[in-house]
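Shown next: final.cif, given as mmCIF, N, CA and C atoms.
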```
data_input
loop_
_atom_site.label_atom_id
_atom_site.label_comp_id
_atom_site.auth_asym_id
_atom_site.auth_seq_id
_atom_site.Cartn_x
_atom_site.Cartn_y
_atom_site.Cartn_z
N MET A 1203 0.84 -1.17 0.00
CA MET A 1203 0.00 0.00 0.00
C MET A 1203 0.89 1.24 0.00
N LYS A 1204 0.51 2.21 -0.80
CA LYS A 1204 1.30 3.43 -0.91
C LYS A 1204 0.42 4.63 -0.60
N LEU A 1205 0.89 5.50 0.28
CA LEU A 1205 0.16 6.67 0.72
C LEU A 1205 0.90 7.92 0.24
N GLN A 1206 0.18 8.81 -0.44
CA GLN A 1206 0.74 10.09 -0.87
C GLN A 1206 -0.18 11.20 -0.38
N ILE A 1207 0.41 12.22 0.23
CA ILE A 1207 -0.35 13.37 0.70
C ILE A 1207 0.27 14.62 0.11
N GLU A 1208 -0.57 15.43 -0.52
CA GLU A 1208 -0.11 16.66 -1.16
C GLU A 1208 -0.89 17.85 -0.59
N ARG A 1209 -0.17 18.86 -0.15
CA ARG A 1209 -0.81 20.10 0.32
C ARG A 1209 -1.23 20.90 -0.90
N VAL A 1210 -2.47 21.37 -0.87
CA VAL A 1210 -2.99 22.24 -1.92
C VAL A 1210 -3.58 23.48 -1.22
N ALA A 1211 -3.92 24.48 -1.99
CA ALA A 1211 -4.40 25.74 -1.41
C ALA A 1211 -5.62 25.55 -0.51
N THR A 1212 -6.48 24.58 -0.84
CA THR A 1212 -7.72 24.40 -0.08
C THR A 1212 -7.61 23.37 1.04
N GLY A 1213 -6.49 22.67 1.15
CA GLY A 1213 -6.33 21.64 2.19
C GLY A 1213 -5.32 20.59 1.79
N LEU A 1214 -5.77 19.33 1.74
CA LEU A 1214 -4.88 18.22 1.40
C LEU A 1214 -5.54 17.30 0.38
N ASN A 1215 -4.72 16.79 -0.54
CA ASN A 1215 -5.14 15.72 -1.44
C ASN A 1215 -4.39 14.46 -1.00
N VAL A 1216 -5.14 13.38 -0.87
CA VAL A 1216 -4.56 12.12 -0.40
C VAL A 1216 -4.85 11.05 -1.44
N CYS A 1217 -3.85 10.24 -1.75
CA CYS A 1217 -4.00 9.10 -2.65
C CYS A 1217 -3.44 7.86 -1.94
N ILE A 1218 -4.25 6.81 -1.89
CA ILE A 1218 -3.81 5.56 -1.28
C ILE A 1218 -3.98 4.48 -2.34
N ASP A 1219 -2.89 3.85 -2.73
CA ASP A 1219 -2.89 2.79 -3.74
C ASP A 1219 -2.99 1.41 -3.08
N ASP A 1220 -3.43 0.44 -3.87
CA ASP A 1220 -3.48 -0.97 -3.46
C ASP A 1220 -4.33 -1.19 -2.21
N MET A 1221 -5.55 -0.69 -2.24
CA MET A 1221 -6.45 -0.82 -1.10
C MET A 1221 -7.11 -2.20 -1.02
N ALA A 1222 -7.01 -2.99 -2.06
CA ALA A 1222 -7.50 -4.38 -2.06
C ALA A 1222 -8.95 -4.50 -1.59
N GLY A 1223 -9.84 -3.61 -2.05
CA GLY A 1223 -11.25 -3.71 -1.72
C GLY A 1223 -11.65 -3.10 -0.39
N HIS A 1224 -10.75 -2.43 0.29
CA HIS A 1224 -11.05 -1.85 1.60
C HIS A 1224 -11.30 -0.35 1.55
N GLU A 1225 -11.50 0.19 0.36
CA GLU A 1225 -11.64 1.64 0.20
C GLU A 1225 -12.80 2.20 1.04
N ARG A 1226 -13.98 1.62 0.90
CA ARG A 1226 -15.16 2.12 1.60
C ARG A 1226 -15.02 1.98 3.12
N THR A 1227 -14.39 0.92 3.58
CA THR A 1227 -14.19 0.73 5.02
C THR A 1227 -13.33 1.86 5.57
N LEU A 1228 -12.27 2.21 4.87
CA LEU A 1228 -11.40 3.29 5.33
C LEU A 1228 -12.14 4.62 5.33
N VAL A 1229 -12.91 4.90 4.28
CA VAL A 1229 -13.67 6.15 4.22
C VAL A 1229 -14.61 6.24 5.43
N GLU A 1230 -15.28 5.16 5.77
CA GLU A 1230 -16.19 5.17 6.92
C GLU A 1230 -15.43 5.38 8.24
N ARG A 1231 -14.26 4.77 8.36
CA ARG A 1231 -13.45 4.98 9.57
C ARG A 1231 -13.04 6.45 9.72
N ILE A 1232 -12.67 7.07 8.61
CA ILE A 1232 -12.28 8.49 8.66
C ILE A 1232 -13.49 9.35 9.01
N ARG A 1233 -14.64 9.03 8.43
CA ARG A 1233 -15.85 9.80 8.75
C ARG A 1233 -16.17 9.72 10.24
N ARG A 1234 -16.09 8.52 10.82
CA ARG A 1234 -16.36 8.36 12.25
C ARG A 1234 -15.32 9.11 13.08
N CYS A 1235 -14.07 9.04 12.68
CA CYS A 1235 -12.99 9.69 13.41
C CYS A 1235 -13.15 11.21 13.35
N ARG A 1236 -13.63 11.74 12.23
CA ARG A 1236 -13.86 13.18 12.10
C ARG A 1236 -14.82 13.68 13.16
N GLN A 1237 -15.77 12.85 13.52
CA GLN A 1237 -16.79 13.26 14.48
C GLN A 1237 -16.30 13.20 15.92
N THR A 1238 -15.42 12.24 16.23
CA THR A 1238 -15.03 12.04 17.63
C THR A 1238 -13.54 11.93 17.87
N ALA A 1239 -12.76 11.78 16.80
CA ALA A 1239 -11.30 11.55 16.91
C ALA A 1239 -11.01 10.38 17.83
N TRP A 1240 -11.87 9.39 17.83
CA TRP A 1240 -11.73 8.21 18.70
C TRP A 1240 -10.55 7.33 18.34
N ALA A 1241 -10.21 7.26 17.07
CA ALA A 1241 -9.19 6.30 16.64
C ALA A 1241 -7.88 6.94 16.22
N CYS A 1242 -7.76 8.23 16.39
CA CYS A 1242 -6.65 8.95 15.81
C CYS A 1242 -5.68 9.45 16.88
N PRO A 1243 -4.44 9.00 16.84
CA PRO A 1243 -3.47 9.48 17.83
C PRO A 1243 -3.12 10.95 17.65
N SER A 1244 -3.27 11.48 16.45
CA SER A 1244 -2.90 12.87 16.21
C SER A 1244 -4.07 13.84 16.41
N GLY A 1245 -5.31 13.35 16.34
CA GLY A 1245 -6.47 14.22 16.43
C GLY A 1245 -6.73 15.02 15.17
N GLU A 1246 -5.96 14.78 14.13
CA GLU A 1246 -6.06 15.56 12.89
C GLU A 1246 -7.40 15.37 12.20
N CYS A 1247 -8.00 14.20 12.31
CA CYS A 1247 -9.28 13.94 11.64
C CYS A 1247 -10.36 14.91 12.10
N SER A 1248 -10.30 15.32 13.35
CA SER A 1248 -11.33 16.22 13.87
C SER A 1248 -11.23 17.61 13.25
N LYS A 1249 -10.13 17.91 12.57
CA LYS A 1249 -9.96 19.20 11.91
C LYS A 1249 -10.52 19.20 10.48
N ILE A 1250 -10.94 18.03 9.98
CA ILE A 1250 -11.46 17.94 8.62
C ILE A 1250 -12.87 18.51 8.59
N GLY A 1251 -13.06 19.51 7.73
CA GLY A 1251 -14.39 20.10 7.55
C GLY A 1251 -15.19 19.33 6.52
N THR A 1252 -14.62 19.18 5.33
CA THR A 1252 -15.27 18.39 4.27
C THR A 1252 -14.29 17.38 3.72
N MET A 1253 -14.85 16.27 3.27
CA MET A 1253 -14.04 15.19 2.70
C MET A 1253 -14.76 14.66 1.47
N GLU A 1254 -14.11 14.78 0.34
CA GLU A 1254 -14.64 14.19 -0.89
C GLU A 1254 -13.80 12.95 -1.17
N ASP A 1255 -14.46 11.85 -1.55
CA ASP A 1255 -13.71 10.64 -1.86
C ASP A 1255 -14.09 10.12 -3.23
N ARG A 1256 -13.11 9.55 -3.89
CA ARG A 1256 -13.29 8.89 -5.18
C ARG A 1256 -12.53 7.57 -5.13
N VAL A 1257 -13.16 6.53 -5.60
CA VAL A 1257 -12.56 5.21 -5.60
C VAL A 1257 -12.39 4.77 -7.05
N GLY A 1258 -11.24 4.19 -7.35
CA GLY A 1258 -11.01 3.69 -8.70
C GLY A 1258 -9.90 2.67 -8.74
N GLU A 1259 -10.23 1.47 -9.18
CA GLU A 1259 -9.26 0.39 -9.42
C GLU A 1259 -8.26 0.21 -8.28
N GLY A 1260 -8.76 -0.02 -7.08
CA GLY A 1260 -7.88 -0.27 -5.94
C GLY A 1260 -7.24 0.97 -5.35
N ARG A 1261 -7.68 2.13 -5.80
CA ARG A 1261 -7.12 3.40 -5.35
C ARG A 1261 -8.20 4.22 -4.66
N LEU A 1262 -7.80 4.93 -3.64
CA LEU A 1262 -8.70 5.83 -2.95
C LEU A 1262 -8.10 7.23 -3.01
N PHE A 1263 -8.89 8.18 -3.50
CA PHE A 1263 -8.48 9.58 -3.56
C PHE A 1263 -9.36 10.36 -2.58
N LEU A 1264 -8.74 11.16 -1.75
CA LEU A 1264 -9.47 12.00 -0.79
C LEU A 1264 -9.07 13.45 -0.99
N THR A 1265 -10.04 14.32 -0.98
CA THR A 1265 -9.81 15.76 -0.97
C THR A 1265 -10.32 16.26 0.38
N LEU A 1266 -9.41 16.73 1.21
CA LEU A 1266 -9.74 17.14 2.56
C LEU A 1266 -9.62 18.66 2.70
N THR A 1267 -10.67 19.26 3.23
CA THR A 1267 -10.69 20.69 3.47
C THR A 1267 -10.88 20.89 4.97
N PRO A 1268 -10.11 21.78 5.58
CA PRO A 1268 -10.22 21.97 7.03
C PRO A 1268 -11.51 22.68 7.45
N ARG A 1269 -11.87 22.49 8.71
CA ARG A 1269 -12.97 23.24 9.30
C ARG A 1269 -12.56 24.72 9.34
N PRO A 1270 -13.52 25.62 9.38
CA PRO A 1270 -13.18 27.05 9.48
C PRO A 1270 -12.28 27.32 10.69
N GLY A 1271 -11.22 28.07 10.46
CA GLY A 1271 -10.29 28.43 11.52
C GLY A 1271 -9.22 27.38 11.80
N GLU A 1272 -9.26 26.26 11.08
CA GLU A 1272 -8.27 25.18 11.28
C GLU A 1272 -7.37 25.07 10.06
N GLN A 1273 -6.24 24.40 10.24
CA GLN A 1273 -5.35 24.03 9.13
C GLN A 1273 -5.06 22.55 9.26
N LEU A 1274 -4.93 21.88 8.13
CA LEU A 1274 -4.58 20.47 8.14
C LEU A 1274 -3.08 20.30 7.94
N SER A 1275 -2.48 19.45 8.72
CA SER A 1275 -1.06 19.16 8.62
C SER A 1275 -0.89 17.84 7.87
N ALA A 1276 -0.07 17.86 6.82
CA ALA A 1276 0.19 16.64 6.06
C ALA A 1276 0.86 15.59 6.95
N ALA A 1277 1.79 16.01 7.81
CA ALA A 1277 2.50 15.06 8.68
C ALA A 1277 1.54 14.43 9.69
N ALA A 1278 0.66 15.24 10.29
CA ALA A 1278 -0.29 14.69 11.26
C ALA A 1278 -1.31 13.80 10.58
N MET A 1279 -1.72 14.16 9.35
CA MET A 1279 -2.66 13.32 8.62
C MET A 1279 -2.01 12.00 8.22
N GLU A 1280 -0.73 12.03 7.89
CA GLU A 1280 -0.02 10.80 7.58
C GLU A 1280 0.03 9.89 8.81
N GLU A 1281 0.25 10.47 9.98
CA GLU A 1281 0.25 9.69 11.22
C GLU A 1281 -1.12 9.06 11.45
N CYS A 1282 -2.16 9.84 11.29
CA CYS A 1282 -3.52 9.35 11.50
C CYS A 1282 -3.86 8.24 10.51
N LEU A 1283 -3.61 8.47 9.24
CA LEU A 1283 -3.94 7.46 8.23
C LEU A 1283 -3.08 6.22 8.39
N GLY A 1284 -1.83 6.38 8.79
CA GLY A 1284 -0.98 5.23 9.05
C GLY A 1284 -1.56 4.34 10.13
N TYR A 1285 -2.12 4.97 11.15
CA TYR A 1285 -2.78 4.23 12.23
C TYR A 1285 -4.01 3.49 11.69
N MET A 1286 -4.80 4.18 10.89
CA MET A 1286 -6.01 3.56 10.33
C MET A 1286 -5.70 2.48 9.31
N LEU A 1287 -4.61 2.65 8.58
CA LEU A 1287 -4.25 1.68 7.54
C LEU A 1287 -3.51 0.47 8.09
N HIS A 1288 -3.04 0.56 9.32
CA HIS A 1288 -2.22 -0.51 9.90
C HIS A 1288 -2.84 -1.91 9.74
N PRO A 1289 -4.13 -2.12 10.04
CA PRO A 1289 -4.69 -3.47 9.86
C PRO A 1289 -4.62 -3.96 8.42
N TYR A 1290 -4.78 -3.04 7.46
CA TYR A 1290 -4.77 -3.42 6.05
C TYR A 1290 -3.36 -3.69 5.57
N LEU A 1291 -2.38 -2.97 6.14
CA LEU A 1291 -1.00 -3.20 5.76
C LEU A 1291 -0.59 -4.62 6.18
N LYS A 1292 -1.01 -5.05 7.36
CA LYS A 1292 -0.71 -6.41 7.83
C LYS A 1292 -1.33 -7.44 6.92
N GLU A 1293 -2.59 -7.17 6.48
CA GLU A 1293 -3.33 -8.08 5.64
C GLU A 1293 -2.69 -8.26 4.28
N SER A 1294 -2.13 -7.17 3.73
CA SER A 1294 -1.59 -7.22 2.37
C SER A 1294 -0.17 -7.78 2.30
N GLN A 1295 0.44 -8.08 3.44
CA GLN A 1295 1.82 -8.59 3.42
C GLN A 1295 1.84 -10.09 3.25
#
```
Using structure tokens, write down the structure that the file contains.
Amino acid sequence: MKLQIERVATGLNVCIDDMAGHERTLVERIRRCRQTAWACPSGECSKIGTMEDRVGEGRLFLTLTPRPGEQLSAAAMEECLGYMLHPYLKESQ
């Protein structure tokens, strides 16, 4: 699995390759974490205002925009997503 995070003017663009059919599960985990930050060691998910997702051929693309008054950190988002992706990384090895 390969994770790429790019800072853009409106927030962050995230691309995760080789999701092996787990794309929707990850999107739902992020949505739940945005509401409570229950699963995130960095707390970065709670700063997400809007999240657009697109799935295509084992790839997940996310466009993340911060809540008003917040900024998203690519490093903190990488930490959060790494935590969420950990079970899938074990599965794909």
Computed interatomic separation between atom C of Gly1258 of chain A and atom C of Pro1243 of chain A (Å):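 That distance, rounded to one decimal, is 28.5 Å.
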Asn1215 of chain A environment, 6.5 Å, all atoms listed in the file, sequence neighbours closer than 6 positions dropped, as a PyMOL selection string: chain A and resi 1206-1209+1264-1266
For segment 1270-1276 of chain A: contacts at 7 Å, only N, CA and C atoms, fewer than 2 positions along chain excluded, given as a PyMOL selection string: chain A and resi 1207-1209+1213-1214+1246+1249+1251+1267-1268+1278-1281
Distance in Å - atom C of Ala1222 of chain A versus atom N of Arg1261 of chain A: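 Answer for the atom C of Ala1222 of chain A to atom N of Arg1261 of chain A separation: 8.0 Å.
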Atom pair atom C of Ile1232 of chain A / atom C of Leu1205 of chain A: separation (Å):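 Computing it gives 16.9 Å between the two atoms.
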Test item, strand (DSSP E or B) assignment across segment 1221-1270 of chain A, answer as a list of chain:residue names: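 DSSP on the backbone gives strand (DSSP E or B) at A:Ile1250, A:Gly1251, A:Thr1252, A:Met1253, A:Glu1254, A:Asp1255, A:Arg1256, A:Val1257, A:Gly1258, A:Arg1261, A:Leu1262, A:Phe1263, A:Leu1264, A:Thr1265, A:Leu1266, A:Thr1267, A:Pro1268.
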